[in-house]
file start23.cif (mmCIF, C-alpha atoms and all ligand atoms)
data_structure
loop_
_atom_site.label_atom_id
_atom_site.label_comp_id
_atom_site.auth_asym_id
_atom_site.auth_seq_id
_atom_site.Cartn_x
_atom_site.Cartn_y
_atom_site.Cartn_z
CA MET A 85 134.85 -24.65 8.44
CA ASN A 86 134.93 -24.23 12.21
CA ASN A 87 136.48 -20.77 12.01
CA VAL A 88 134.46 -18.01 10.46
CA LEU A 89 135.37 -14.39 9.76
CA ILE A 90 132.47 -11.97 9.30
CA ILE A 91 133.31 -8.65 7.65
CA GLY A 92 131.02 -5.62 8.13
CA ALA A 93 129.20 -4.65 11.31
CA GLY A 94 126.00 -2.95 10.13
CA GLY A 95 122.34 -3.94 10.22
CA VAL A 96 122.67 -7.26 8.37
CA SER A 97 125.81 -8.29 10.24
CA ASN A 98 124.15 -7.60 13.60
CA VAL A 99 121.54 -10.24 12.69
CA ALA A 100 123.79 -12.78 10.99
CA THR A 101 126.53 -12.66 13.66
CA LYS A 102 124.03 -13.18 16.49
CA LYS A 103 122.38 -16.07 14.65
CA ILE A 104 125.77 -17.64 13.81
CA ALA A 105 126.83 -17.33 17.45
CA ARG A 106 123.88 -19.57 18.34
CA LEU A 107 125.15 -22.36 16.03
CA HIS A 108 127.52 -23.73 18.66
CA THR A 109 128.03 -27.07 17.00
CA VAL A 110 128.88 -25.60 13.57
CA PHE A 111 131.16 -22.60 14.13
CA LYS A 112 133.63 -22.79 17.01
CA THR A 113 135.52 -19.52 16.49
CA ILE A 114 133.86 -16.36 15.24
CA THR A 115 135.67 -13.14 14.38
CA LEU A 116 133.74 -9.98 13.52
CA ALA A 117 135.77 -7.33 11.72
CA SER A 118 134.81 -4.03 10.15
CA ARG A 119 136.04 -0.56 9.32
CA THR A 120 134.74 0.80 12.64
CA LEU A 121 135.92 -1.43 15.50
CA ALA A 122 133.41 0.03 18.00
CA LYS A 123 130.48 -1.36 16.00
CA CYS A 124 132.00 -4.87 16.15
CA GLN A 125 132.56 -4.51 19.88
CA GLN A 126 128.96 -3.45 20.43
CA ILE A 127 127.59 -6.54 18.63
CA ALA A 128 130.12 -8.80 20.41
CA ALA A 129 129.09 -7.36 23.80
CA GLU A 130 125.44 -8.16 23.12
CA ILE A 131 126.40 -11.71 22.08
CA LYS A 132 128.53 -12.11 25.22
CA ALA A 133 125.37 -11.57 27.22
CA GLU A 134 124.13 -14.80 25.56
CA GLY A 135 127.30 -16.56 26.73
CA VAL A 136 129.29 -16.70 23.45
CA CYS A 137 132.64 -15.02 22.86
CA VAL A 138 133.14 -13.31 19.49
CA GLN A 139 136.58 -11.90 18.65
CA THR A 140 136.67 -8.46 17.05
CA ALA A 141 139.10 -6.72 14.72
CA GLN A 142 139.46 -3.59 12.63
CA VAL A 143 139.89 -4.04 8.88
CA ASP A 144 139.65 -2.00 5.72
CA ALA A 145 138.24 -4.58 3.34
CA ASP A 146 139.15 -2.50 0.29
CA ASN A 147 142.73 -3.48 1.09
CA VAL A 148 143.43 -7.08 -0.01
CA ASP A 149 146.64 -7.35 2.05
CA GLU A 150 144.81 -6.36 5.24
CA VAL A 151 142.11 -8.99 4.64
CA VAL A 152 144.75 -11.65 3.84
CA ALA A 153 146.58 -10.85 7.09
CA LEU A 154 143.36 -11.06 9.09
CA ILE A 155 142.36 -14.38 7.52
CA GLN A 156 145.80 -15.77 8.33
CA GLN A 157 145.76 -14.44 11.86
CA THR A 158 142.26 -15.79 12.63
CA ARG A 159 142.78 -18.98 10.58
CA ALA A 160 139.34 -18.40 9.12
CA GLN A 161 138.09 -21.10 6.74
CA LEU A 162 135.04 -19.12 5.63
CA VAL A 163 134.63 -15.37 5.12
CA ILE A 164 131.10 -13.97 5.26
CA ASN A 165 131.10 -10.62 3.53
CA LEU A 166 128.44 -8.35 5.03
CA ALA A 167 130.22 -5.11 4.21
CA LEU A 168 129.25 -3.31 1.00
CA PRO A 169 129.16 -4.58 -2.61
CA TYR A 170 132.36 -2.57 -3.38
CA GLN A 171 134.31 -4.93 -1.11
CA ASP A 172 133.24 -8.16 -2.88
CA LEU A 173 136.23 -8.38 -5.23
CA PRO A 174 138.99 -7.43 -2.77
CA ILE A 175 137.59 -9.97 -0.29
CA MET A 176 137.32 -12.65 -3.01
CA ASP A 177 140.95 -11.90 -3.97
CA ALA A 178 141.98 -12.34 -0.33
CA CYS A 179 140.06 -15.63 -0.20
CA LEU A 180 141.87 -16.86 -3.30
CA ARG A 181 145.27 -16.00 -1.86
CA THR A 182 144.50 -17.83 1.39
CA LYS A 183 142.29 -20.64 -0.03
CA THR A 184 139.31 -19.61 2.09
CA HIS A 185 135.63 -20.10 1.28
CA TYR A 186 133.43 -17.05 0.66
CA LEU A 187 129.78 -15.97 0.99
CA ASP A 188 128.08 -12.62 0.35
CA THR A 189 124.60 -11.08 0.03
CA ALA A 190 124.98 -8.53 -2.79
CA ASN A 191 126.79 -8.55 -6.12
CA TYR A 192 129.88 -6.47 -6.83
CA GLU A 193 129.46 -2.85 -7.89
CA PRO A 194 132.24 -0.48 -8.86
CA LYS A 195 132.23 2.61 -6.62
CA ASP A 196 132.23 5.07 -9.50
CA GLU A 197 129.47 3.45 -11.55
CA ALA A 198 126.11 2.08 -10.37
CA LYS A 199 126.20 -1.11 -12.41
CA PHE A 200 124.71 -4.34 -11.13
CA GLU A 201 125.89 -7.50 -12.79
CA TYR A 202 127.49 -10.78 -11.84
CA SER A 203 130.11 -10.75 -14.61
CA TRP A 204 132.94 -9.62 -12.32
CA GLN A 205 132.28 -12.30 -9.73
CA TRP A 206 131.41 -15.06 -12.20
CA ALA A 207 134.82 -14.40 -13.77
CA TYR A 208 136.36 -15.94 -10.61
CA LYS A 209 134.68 -19.32 -11.19
CA GLN A 210 137.63 -21.19 -12.68
CA LYS A 211 140.11 -19.69 -10.22
CA PHE A 212 137.97 -20.72 -7.24
CA GLU A 213 137.47 -24.19 -8.69
CA ASP A 214 141.21 -24.62 -9.26
CA ALA A 215 141.90 -23.50 -5.68
CA GLY A 216 139.32 -25.98 -4.35
CA ILE A 217 137.32 -23.24 -2.66
CA MET A 218 133.70 -22.20 -2.92
CA ALA A 219 131.98 -18.81 -3.22
CA LEU A 220 128.24 -18.56 -2.60
CA LEU A 221 126.89 -15.34 -4.09
CA GLY A 222 123.87 -13.35 -2.98
CA CYS A 223 122.69 -15.40 -0.01
CA GLY A 224 120.34 -12.84 1.57
CA PHE A 225 116.60 -12.64 0.86
CA ASP A 226 116.54 -10.90 -2.50
CA PRO A 227 118.97 -11.96 -3.86
CA GLY A 228 118.97 -15.23 -1.98
CA VAL A 229 115.75 -16.75 -0.69
CA THR A 230 113.85 -15.59 -3.79
CA GLN A 231 116.10 -17.86 -5.88
CA VAL A 232 115.68 -20.74 -3.44
CA PHE A 233 111.89 -20.27 -3.64
CA THR A 234 112.11 -20.33 -7.44
CA ALA A 235 114.31 -23.44 -7.48
CA TYR A 236 112.02 -25.17 -4.98
CA ALA A 237 108.89 -24.41 -7.05
CA ALA A 238 110.61 -25.49 -10.27
CA LYS A 239 111.77 -28.74 -8.67
CA HIS A 240 108.53 -29.77 -6.97
CA TYR A 241 105.65 -28.23 -8.87
CA PHE A 242 106.53 -27.55 -12.50
CA ASP A 243 107.88 -29.22 -15.61
CA GLU A 244 108.67 -25.73 -16.96
CA ILE A 245 108.48 -22.33 -15.32
CA HIS A 246 107.46 -19.54 -17.73
CA TYR A 247 106.58 -16.38 -15.80
CA LEU A 248 108.28 -15.19 -12.62
CA ASP A 249 107.37 -12.10 -10.61
CA ILE A 250 109.38 -11.45 -7.48
CA VAL A 251 107.35 -9.16 -5.23
CA ASP A 252 108.91 -7.31 -2.32
CA CYS A 253 106.80 -5.25 0.06
CA ASN A 254 107.90 -3.50 3.21
CA GLY A 255 104.60 -2.72 4.92
CA GLY A 256 106.41 -1.42 8.00
CA ASP A 257 106.69 2.02 9.59
CA HIS A 258 109.93 3.09 11.31
CA GLY A 259 108.56 6.49 12.29
CA LYS A 260 111.29 8.51 10.52
CA ALA A 261 110.54 11.02 7.76
CA PHE A 262 113.08 9.37 5.45
CA ALA A 263 115.40 6.43 6.02
CA THR A 264 116.52 3.42 4.02
CA ASN A 265 116.27 -0.13 5.34
CA PHE A 266 119.70 -1.15 4.22
CA ASN A 267 122.83 0.81 3.48
CA PRO A 268 121.48 4.15 2.14
CA GLU A 269 124.18 4.58 -0.49
CA VAL A 270 123.70 1.12 -1.99
CA ASN A 271 119.90 1.37 -1.71
CA ILE A 272 119.60 4.74 -3.45
CA ARG A 273 122.02 3.74 -6.22
CA GLU A 274 119.81 0.71 -6.84
CA ILE A 275 116.43 2.42 -6.98
CA THR A 276 117.46 5.44 -9.03
CA GLN A 277 118.68 3.16 -11.85
CA PRO A 278 116.59 2.46 -14.97
CA GLY A 279 114.21 -0.48 -14.56
CA LYS A 280 114.92 -3.67 -16.50
CA TYR A 281 113.17 -6.99 -16.99
CA TRP A 282 113.51 -10.12 -19.07
CA GLU A 283 111.00 -10.95 -21.78
CA ASN A 284 111.18 -13.37 -24.69
CA GLY A 285 114.93 -13.79 -24.59
CA GLN A 286 115.95 -10.16 -24.12
CA TRP A 287 116.32 -7.44 -21.51
CA LEU A 288 113.87 -4.56 -21.81
CA GLU A 289 114.77 -1.26 -20.17
CA THR A 290 112.42 1.31 -18.61
CA GLU A 291 112.83 4.72 -17.03
CA PRO A 292 113.38 4.48 -13.25
CA MET A 293 110.01 3.65 -11.59
CA GLU A 294 108.23 4.03 -14.94
CA ILE A 295 106.13 0.86 -14.64
CA HIS A 296 104.03 0.41 -11.53
CA GLN A 297 100.83 -1.26 -10.46
CA PRO A 298 98.98 -2.19 -7.28
CA ILE A 299 99.76 -5.66 -5.93
CA ASP A 300 97.99 -7.35 -3.04
CA TYR A 301 100.33 -8.63 -0.29
CA PRO A 302 99.27 -11.23 2.29
CA ASN A 303 98.39 -9.73 5.67
CA ILE A 304 99.41 -6.25 4.42
CA GLY A 305 96.97 -5.35 1.64
CA THR A 306 97.33 -3.60 -1.68
CA ARG A 307 100.42 -1.49 -2.23
CA GLU A 308 101.68 0.37 -5.29
CA SER A 309 104.62 -1.68 -6.57
CA TYR A 310 107.36 -0.48 -8.91
CA LEU A 311 109.19 -2.54 -11.51
CA MET A 312 112.92 -2.41 -10.81
CA TYR A 313 116.00 -4.23 -11.97
CA HIS A 314 117.25 -6.60 -9.31
CA GLU A 315 120.40 -8.67 -9.55
CA GLU A 316 118.90 -12.14 -9.02
CA LEU A 317 117.01 -11.79 -12.32
CA GLU A 318 120.34 -12.16 -14.14
CA SER A 319 121.22 -15.52 -12.62
CA LEU A 320 117.65 -16.82 -12.63
CA VAL A 321 117.14 -16.35 -16.37
CA LYS A 322 120.47 -18.06 -16.95
CA ASN A 323 119.73 -20.99 -14.66
CA PHE A 324 116.05 -21.36 -15.69
CA PRO A 325 116.16 -20.91 -19.47
CA THR A 326 112.46 -21.82 -19.84
CA LEU A 327 111.55 -18.43 -18.33
CA LYS A 328 109.70 -16.31 -20.88
CA ARG A 329 109.48 -13.35 -18.53
CA ALA A 330 111.09 -12.42 -15.22
CA ARG A 331 110.33 -9.22 -13.33
CA PHE A 332 111.00 -7.73 -9.90
CA TRP A 333 108.61 -5.41 -8.04
CA MET A 334 109.14 -3.36 -4.90
CA THR A 335 106.75 -1.16 -2.94
CA PHE A 336 107.51 2.45 -2.05
CA GLY A 337 105.30 4.86 -0.10
CA GLN A 338 104.44 8.30 -1.53
CA GLU A 339 106.35 10.02 1.29
CA TYR A 340 109.50 8.06 0.46
CA LEU A 341 109.21 8.79 -3.25
CA THR A 342 108.66 12.52 -2.62
CA HIS A 343 111.80 12.72 -0.47
CA LEU A 344 113.73 10.78 -3.06
CA ARG A 345 112.58 13.03 -5.91
CA VAL A 346 113.59 16.18 -4.01
CA LEU A 347 116.99 14.70 -3.12
CA GLU A 348 117.54 13.71 -6.74
CA ASN A 349 116.45 17.14 -8.02
CA VAL A 350 118.92 18.95 -5.78
CA GLY A 351 121.76 16.61 -6.75
CA MET A 352 122.12 14.79 -3.42
CA THR A 353 121.85 11.30 -4.92
CA SER A 354 124.66 11.85 -7.42
CA ILE A 355 127.78 9.67 -7.25
CA GLN A 356 129.83 12.18 -9.28
CA PRO A 357 132.38 13.77 -6.90
CA ILE A 358 132.08 17.50 -6.24
CA GLU A 359 134.57 19.93 -4.72
CA TYR A 360 133.60 20.98 -1.17
CA GLU A 361 135.88 23.13 1.00
CA GLY A 362 138.94 21.96 -0.93
CA LYS A 363 138.00 18.28 -0.71
CA LYS A 364 136.33 15.97 -3.22
CA ILE A 365 133.12 14.47 -1.82
CA GLN A 366 130.42 12.32 -3.34
CA PRO A 367 126.97 13.84 -2.62
CA LEU A 368 125.39 10.41 -2.07
CA GLN A 369 128.07 9.42 0.46
CA PHE A 370 127.48 12.71 2.28
CA LEU A 371 123.72 12.02 2.28
CA LYS A 372 124.41 8.58 3.79
CA ALA A 373 126.30 10.26 6.62
CA VAL A 374 123.26 12.33 7.63
CA LEU A 375 120.62 9.59 7.27
CA PRO A 376 119.77 7.12 10.08
CA GLU A 377 121.84 3.92 10.15
CA PRO A 378 119.75 0.89 9.01
CA SER A 379 120.78 -0.87 12.24
CA ALA A 380 119.21 1.94 14.31
CA LEU A 381 115.68 1.60 12.93
CA GLY A 382 114.57 -1.53 14.79
CA GLU A 383 113.23 -0.41 18.15
CA ASN A 384 110.09 1.42 17.07
CA TYR A 385 109.53 -0.36 13.77
CA SER A 386 105.98 -1.69 13.40
CA GLY A 387 104.39 -3.70 10.60
CA GLU A 388 105.90 -6.43 8.46
CA THR A 389 107.64 -7.31 5.22
CA SER A 390 106.29 -9.71 2.62
CA ILE A 391 108.63 -11.04 -0.06
CA GLY A 392 107.84 -13.85 -2.44
CA CYS A 393 107.80 -15.38 -5.89
CA GLN A 394 104.70 -15.62 -8.06
CA ILE A 395 105.33 -18.22 -10.72
CA SER A 396 103.31 -19.74 -13.53
CA GLY A 397 104.21 -22.45 -15.98
CA LEU A 398 103.31 -25.97 -16.99
CA LYS A 399 102.84 -29.26 -15.18
CA ASN A 400 101.79 -32.29 -17.24
CA GLY A 401 100.77 -29.95 -20.05
CA GLN A 402 98.41 -27.94 -17.79
CA LYS A 403 98.83 -24.36 -16.57
CA ARG A 404 99.97 -24.25 -12.96
CA THR A 405 100.62 -21.37 -10.57
CA CYS A 406 102.64 -21.17 -7.39
CA TYR A 407 103.12 -18.31 -4.92
CA ILE A 408 105.73 -18.83 -2.21
CA TYR A 409 106.37 -16.06 0.30
CA ASN A 410 107.56 -15.13 3.73
CA ASN A 411 106.13 -12.42 5.94
CA CYS A 412 108.40 -11.07 8.66
CA LYS A 413 107.28 -8.75 11.45
CA HIS A 414 109.79 -6.04 12.34
CA GLN A 415 108.97 -6.44 16.04
CA ASP A 416 109.63 -10.20 15.94
CA ALA A 417 113.05 -9.46 14.43
CA PHE A 418 113.71 -6.92 17.14
CA LYS A 419 112.75 -9.37 19.88
CA ASP A 420 115.06 -12.03 18.47
CA VAL A 421 118.21 -10.02 17.72
CA SER A 422 117.49 -6.28 18.27
CA GLY A 423 117.38 -5.72 14.51
CA GLN A 424 114.73 -4.66 12.00
CA GLY A 425 112.92 -6.87 9.49
CA VAL A 426 114.93 -6.01 6.37
CA SER A 427 118.24 -6.75 8.10
CA TYR A 428 116.68 -9.88 9.57
CA THR A 429 115.40 -11.26 6.27
CA THR A 430 118.96 -10.82 4.92
CA GLY A 431 121.01 -11.94 7.92
CA VAL A 432 119.10 -15.16 8.62
CA PRO A 433 119.59 -16.59 5.07
CA ALA A 434 123.27 -15.59 5.20
CA MET A 435 123.62 -17.61 8.41
CA LEU A 436 121.75 -20.57 6.93
CA GLY A 437 123.79 -20.53 3.69
CA ALA A 438 126.98 -20.49 5.77
CA LYS A 439 125.70 -23.38 7.87
CA LEU A 440 124.87 -25.49 4.79
CA MET A 441 128.32 -24.75 3.33
CA ALA A 442 130.07 -25.60 6.58
CA LYS A 443 128.20 -28.89 6.88
CA GLY A 444 129.09 -29.79 3.28
CA ILE A 445 125.39 -29.89 2.30
CA TRP A 446 125.81 -27.00 -0.11
CA PHE A 447 129.36 -27.43 -1.17
CA LYS A 448 131.25 -27.52 -4.44
CA PRO A 449 134.37 -25.62 -5.46
CA GLY A 450 133.70 -22.71 -7.80
CA VAL A 451 131.47 -19.63 -7.75
CA TRP A 452 127.74 -20.28 -7.41
CA ASN A 453 124.39 -18.60 -7.08
CA VAL A 454 122.04 -20.10 -4.51
CA GLU A 455 119.53 -21.57 -6.99
CA GLU A 456 122.29 -23.88 -8.26
CA PHE A 457 122.03 -25.94 -5.05
CA ASN A 458 119.31 -28.32 -3.83
CA PRO A 459 116.68 -25.97 -2.32
CA ASP A 460 115.20 -28.61 0.01
CA PRO A 461 117.62 -28.46 2.97
CA PHE A 462 117.43 -24.66 2.96
CA MET A 463 113.61 -24.67 2.80
CA GLU A 464 113.41 -27.29 5.56
CA GLN A 465 115.37 -25.11 7.99
CA LEU A 466 114.42 -21.53 7.08
CA GLY A 467 111.25 -21.46 9.18
CA SER A 468 112.92 -22.78 12.30
CA TYR A 469 115.40 -19.88 12.20
CA GLY A 470 112.64 -17.27 12.11
CA LEU A 471 111.51 -17.00 8.48
CA PRO A 472 108.59 -19.39 7.95
CA TRP A 473 107.24 -19.55 4.42
CA VAL A 474 103.86 -20.22 2.85
CA GLU A 475 103.08 -21.82 -0.52
CA ILE A 476 99.84 -21.47 -2.47
CA ILE A 477 99.41 -23.75 -5.47
CA ASP A 478 97.00 -23.35 -8.39
CA GLN A 479 95.26 -20.23 -7.13
CA PRO A 480 95.03 -16.97 -9.14
CA LEU A 481 98.27 -15.03 -8.61
CA PRO A 482 97.93 -11.54 -7.03
CA ILE A 483 100.11 -10.12 -9.85
CA GLU A 484 97.46 -11.18 -12.39
CA LYS A 485 94.63 -9.34 -10.61
CA GLU A 486 93.16 -6.39 -12.56
CA TYR A 487 92.49 -3.16 -10.61
CA ASN A 488 90.14 -0.56 -12.03
P1 LIG A 501 125.27 -1.10 6.71
O1 LIG A 501 125.63 0.17 6.06
O2 LIG A 501 124.39 -1.11 7.92
O3 LIG A 501 126.61 -1.91 7.09
C1 LIG A 501 127.72 -2.03 6.22
C2 LIG A 501 128.92 -2.33 7.07
O4 LIG A 501 130.04 -2.52 6.22
C3 LIG A 501 129.30 -1.21 8.04
O5 LIG A 501 129.59 -1.75 9.28
C4 LIG A 501 130.52 -0.60 7.37
O6 LIG A 501 131.44 -0.01 8.23
C5 LIG A 501 131.15 -1.81 6.74
N1 LIG A 501 132.10 -1.41 5.72
C6 LIG A 501 131.93 -0.52 4.71
N2 LIG A 501 133.04 -0.38 4.01
C7 LIG A 501 133.97 -1.18 4.59
C8 LIG A 501 135.33 -1.45 4.34
N3 LIG A 501 136.00 -0.87 3.32
N4 LIG A 501 135.97 -2.32 5.14
C9 LIG A 501 135.33 -2.92 6.17
N5 LIG A 501 134.05 -2.69 6.47
C10 LIG A 501 133.37 -1.83 5.69
O7 LIG A 501 124.62 -2.01 5.56
P2 LIG A 501 123.66 -3.28 5.72
O8 LIG A 501 124.07 -4.09 6.87
O9 LIG A 501 122.27 -2.83 5.62
O10 LIG A 501 124.00 -4.08 4.36
C11 LIG A 501 125.12 -4.94 4.29
C12 LIG A 501 125.15 -5.64 2.94
O11 LIG A 501 123.97 -6.41 2.78
C13 LIG A 501 125.18 -4.67 1.73
O12 LIG A 501 126.05 -5.21 0.78
C14 LIG A 501 123.77 -4.72 1.20
O13 LIG A 501 123.70 -4.46 -0.18
C15 LIG A 501 123.41 -6.17 1.49
N6 LIG A 501 121.95 -6.41 1.56
C16 LIG A 501 121.45 -7.51 0.90
C17 LIG A 501 120.10 -7.78 0.92
C18 LIG A 501 119.57 -9.03 0.32
O14 LIG A 501 118.40 -9.36 0.55
N7 LIG A 501 120.35 -9.80 -0.40
C19 LIG A 501 119.15 -6.87 1.60
C20 LIG A 501 119.78 -5.82 2.36
C21 LIG A 501 121.14 -5.59 2.30
P3 LIG A 501 131.20 1.44 8.92
O15 LIG A 501 130.33 1.11 10.05
O16 LIG A 501 132.53 1.92 9.29
O17 LIG A 501 130.50 2.30 7.88
#
call {"tool": "encode", "arguments": {"input": "start23.cif", "output": "structure tokens", "more": "lines below"}}
Ligand code: NDP
result
Amino acid sequence: MNNVLIIGAGGVSNVATKKIARLHTVFKTITLASRTLAKCQQIAAEIKAEGVCVQTAQVDADNVDEVVALIQQTRAQLVINLALPYQDLPIMDACLRTKTHYLDTANYEPKDEAKFEYSWQWAYKQKFEDAGIMALLGCGFDPGVTQVFTAYAAKHYFDEIHYLDIVDCNGGDHGKAFATNFNPEVNIREITQPGKYWENGQWLETEPMEIHQPIDYPNIGTRESYLMYHEELESLVKNFPTLKRARFWMTFGQEYLTHLRVLENVGMTSIQPIEYEGKKIQPLQFLKAVLPEPSALGENYSGETSIGCQISGLKNGQKRTCYIYNNCKHQDAFKDVSGQGVSYTTGVPAMLGAKLMAKGIWFKPGVWNVEEFNPDPFMEQLGSYGLPWVEIIDQPLPIEKEYN
């Protein structure tokens, strides 16, 4: 897999492409393509200053024929999809037609319905297997590293894992009144959805942001954290059937939630098209156009993220707990690749997943989620690429702490 094609040139791609460009012995030819060519050229120019040449191209990844032509022209053996979740299926179709491997960081969503599930992509499993090609799904941080953390804990510390809480805190400050840390449209669709978690063999639904509680985050402190549905829960409960409960929590500041409530109340977060000056527009897409780009938040971002897995279960018949997490400082991310922490925590795992695929360490034909591979090689290398992790065994989990 010497030749790689990266699609999308936003915040995550800025990080992943720069990190991939530093893997001289793994990827020999890198092409960066996106809808807006100028964004690819900007990233390529910054990489050129480090002495590596990245080719650039314009592509509309909704159009399978265009992606097929680009794969053929670049002779790519691996496509890394860092565009938006809507492009997952057209790019997977193009990979099938050209027998090219595939990696992404977010599961497919139809444009006209905010619905997060793996069914569409899992349906490609047999076709990918028959073609002898591999797709690695959701190789960012969450989804991505959170599943590797879970698989690592299950492998090394437990006989059975029973309770999983994925906790995601952005304790940073970008200095803007309101901005999202990754693509605003995808982000707002996600957090305005009903909450959902797994308990005793079934999915339980909540109102959006209905369940919340304070959680203590290392080096950050206590932050109000909201139970949300997050896509990796779906694959984790399938791949770890001993789980009795699996939940996902994310922090939001009051200022963010107030802005969001106002935007929702005035209809700006809707994905139902409206008529405006004779043209159909989607209010949420219009909102995206006026909000800051995630890639533009890095320079003055202070503080850090903390994302991890708090797990309890059994080892030799005794209760055991394990908390594995990474903290990432926005300024460290900026120093490394001129990006912010949320893009960084996504782009670095995408690079590492691609590296493990290319080296044949994580490789089997078919469509896979990251926890289906041996977590050890990923865990061994993650820290050296900028995301060191910490594990705490058999201590009370922060999620279990009572606040009064
Ligand atoms: P951005 O909005 O910054 O970047 C998205 C890029 O995709 C833009 O360059 C955009 O082009 C391009 N794009 C959009 N549509 C098309 C198309 N039809 N054809 C070609 N290119 C297209 O988003 P992020 O970088 O923040 O996020 C990228 C992906 O990473 C998203 O899928 C997001 O959900 C995922 N993500 C995953 C996380 C994880 O932990 N797993 C965390 C954060 C993000 P243009 O510039 O023209 O708009």
call {"tool": "atom_distance", "arguments": {"input": "start23.cif", "atom1": "atom CA of A:Leu375", "atom2": "atom CA of A:Gly337"}}
result
17.6 Å
call {"tool": "closest_residue", "arguments": {"input": "start23.cif", "among": "A:His185, A:Lys322, A:Lys372, A:Lys132", "to": "ligand LIG 501 (chain A)", "atoms": "all atoms listed in the file"}}
result
A:Lys372
call {"tool": "residues_near_ligand", "arguments": {"input": "start23.cif", "ligand": "ligand LIG 501 (chain A)", "cutoff": "8 Å", "atoms": "all atoms listed in the file", "output": "PyMOL selection string"}}
result
chain A and resi 91-98+117-121+123-124+142-147+165-171+188-191+222-229+265-268+270-271+377-379+426-427+429-430
call {"tool": "closest_residue", "arguments": {"input": "start23.cif", "among": "A:Phe457, A:Trp287, A:Tyr407, A:Phe462", "to": "A:Ala434", "atoms": "all atoms listed in the file"}}
result
A:Phe462
call {"tool": "residues_around", "arguments": {"input": "start23.cif", "residues": "A:Leu327", "least_positions_apart": "6", "cutoff": "12 Å", "atoms": "all atoms listed in the file", "output": "PyMOL selection string"}}
result
chain A and resi 234+238+242-249+281-286+317-321+395-398
call {"tool": "residues_around", "arguments": {"input": "start23.cif", "residues": "A:Asp460", "least_positions_apart": "3", "cutoff": "7 Å", "atoms": "only C-alpha atoms", "output": "JSON, numbers by chain"}}
result
{"A": [236, 463, 464]}
call {"tool": "write_last_selection", "arguments": {"input": "start23.cif", "atoms": "C-alpha atoms", "output": "mmCIF file, keeping the file's coordinate frame"}}
result
data_model
loop_
_atom_site.group_PDB
_atom_site.id
_atom_site.type_symbol
_atom_site.label_atom_id
_atom_site.label_comp_id
_atom_site.auth_asym_id
_atom_site.auth_seq_id
_atom_site.Cartn_x
_atom_site.Cartn_y
_atom_site.Cartn_z
ATOM 1 C CA TYR A 236 112.020 -25.170 -4.980
ATOM 2 C CA MET A 463 113.610 -24.670 2.800
ATOM 3 C CA GLU A 464 113.410 -27.290 5.560
#
call {"tool": "axis_aligned_box", "arguments": {"input": "start23.cif", "around": "stretch 333-345 of chain A", "padding_each_side": "8 Å", "output": "lines of an AutoDock Vina configuration file"}}
result
center_x = 109.1
center_y = 3.8
center_z = -3.4
size_x = 25.3
size_y = 34.4
size_z = 25.3
call {"tool": "residues_around", "arguments": {"input": "start23.cif", "residues": "stretch 418-425 of chain A", "least_positions_apart": "6", "cutoff": "8 Å", "atoms": "only C-alpha atoms", "output": "list in words"}}
result
Gly95, Asn98, Val99, Lys102, Lys103, Ser379, Ala380, Leu381, Gly382, Glu383, Tyr385, Glu388, Thr389 and Cys412 of chain A
call {"tool": "residues_around", "arguments": {"input": "start23.cif", "residues": "stretch 289-293 of chain A", "least_positions_apart": "2", "cutoff": "10 Å", "atoms": "only C-alpha atoms", "output": "PyMOL selection string"}}
result
chain A and resi 274-282+286-287+295-296+309-313+333-334+336+341
call {"tool": "atom_distance", "arguments": {"input": "start23.cif", "atom1": "atom CA of A:Ile445", "atom2": "atom CA of A:Val138"}}
result
25.1 Å
call {"tool": "decode", "arguments": {"input": "start23.cif", "residues": "stretch 112-136 of chain A", "atoms": "C-alpha atoms", "output": "PDB file, in the first residue's frame"}}
result
ATOM      1  CA  LYS A 112       5.755   6.665  -0.958  1.00  0.00           C
ATOM      2  CA  THR A 113       3.093   8.590  -2.889  1.00  0.00           C
ATOM      3  CA  ILE A 114       0.441  10.692  -1.203  1.00  0.00           C
ATOM      4  CA  THR A 115      -2.441  12.399  -2.974  1.00  0.00           C
ATOM      5  CA  LEU A 116      -4.741  14.783  -1.110  1.00  0.00           C
ATOM      6  CA  ALA A 117      -8.058  15.451  -2.838  1.00  0.00           C
ATOM      7  CA  SER A 118     -11.143  17.342  -1.769  1.00  0.00           C
ATOM      8  CA  ARG A 119     -14.069  19.380  -2.998  1.00  0.00           C
ATOM      9  CA  THR A 120     -12.109  22.630  -2.608  1.00  0.00           C
ATOM     10  CA  LEU A 121      -8.695  22.284  -4.270  1.00  0.00           C
ATOM     11  CA  ALA A 122      -7.257  25.373  -2.527  1.00  0.00           C
ATOM     12  CA  LYS A 123      -7.554  23.684   0.877  1.00  0.00           C
ATOM     13  CA  CYS A 124      -5.532  20.694  -0.387  1.00  0.00           C
ATOM     14  CA  GLN A 125      -2.916  23.026  -1.831  1.00  0.00           C
ATOM     15  CA  GLN A 126      -2.598  24.882   1.463  1.00  0.00           C
ATOM     16  CA  ILE A 127      -1.933  21.666   3.414  1.00  0.00           C
ATOM     17  CA  ALA A 128       0.453  20.403   0.702  1.00  0.00           C
ATOM     18  CA  ALA A 129       2.386  23.707   0.810  1.00  0.00           C
ATOM     19  CA  GLU A 130       2.872  23.390   4.565  1.00  0.00           C
ATOM     20  CA  ILE A 131       4.075  19.784   4.114  1.00  0.00           C
ATOM     21  CA  LYS A 132       6.456  20.860   1.338  1.00  0.00           C
ATOM     22  CA  ALA A 133       8.161  23.067   3.904  1.00  0.00           C
ATOM     23  CA  GLU A 134       8.996  19.789   5.715  1.00  0.00           C
ATOM     24  CA  GLY A 135      10.519  18.449   2.479  1.00  0.00           C
ATOM     25  CA  VAL A 136       7.744  16.058   1.328  1.00  0.00           C
TER      26      VAL A 136
END
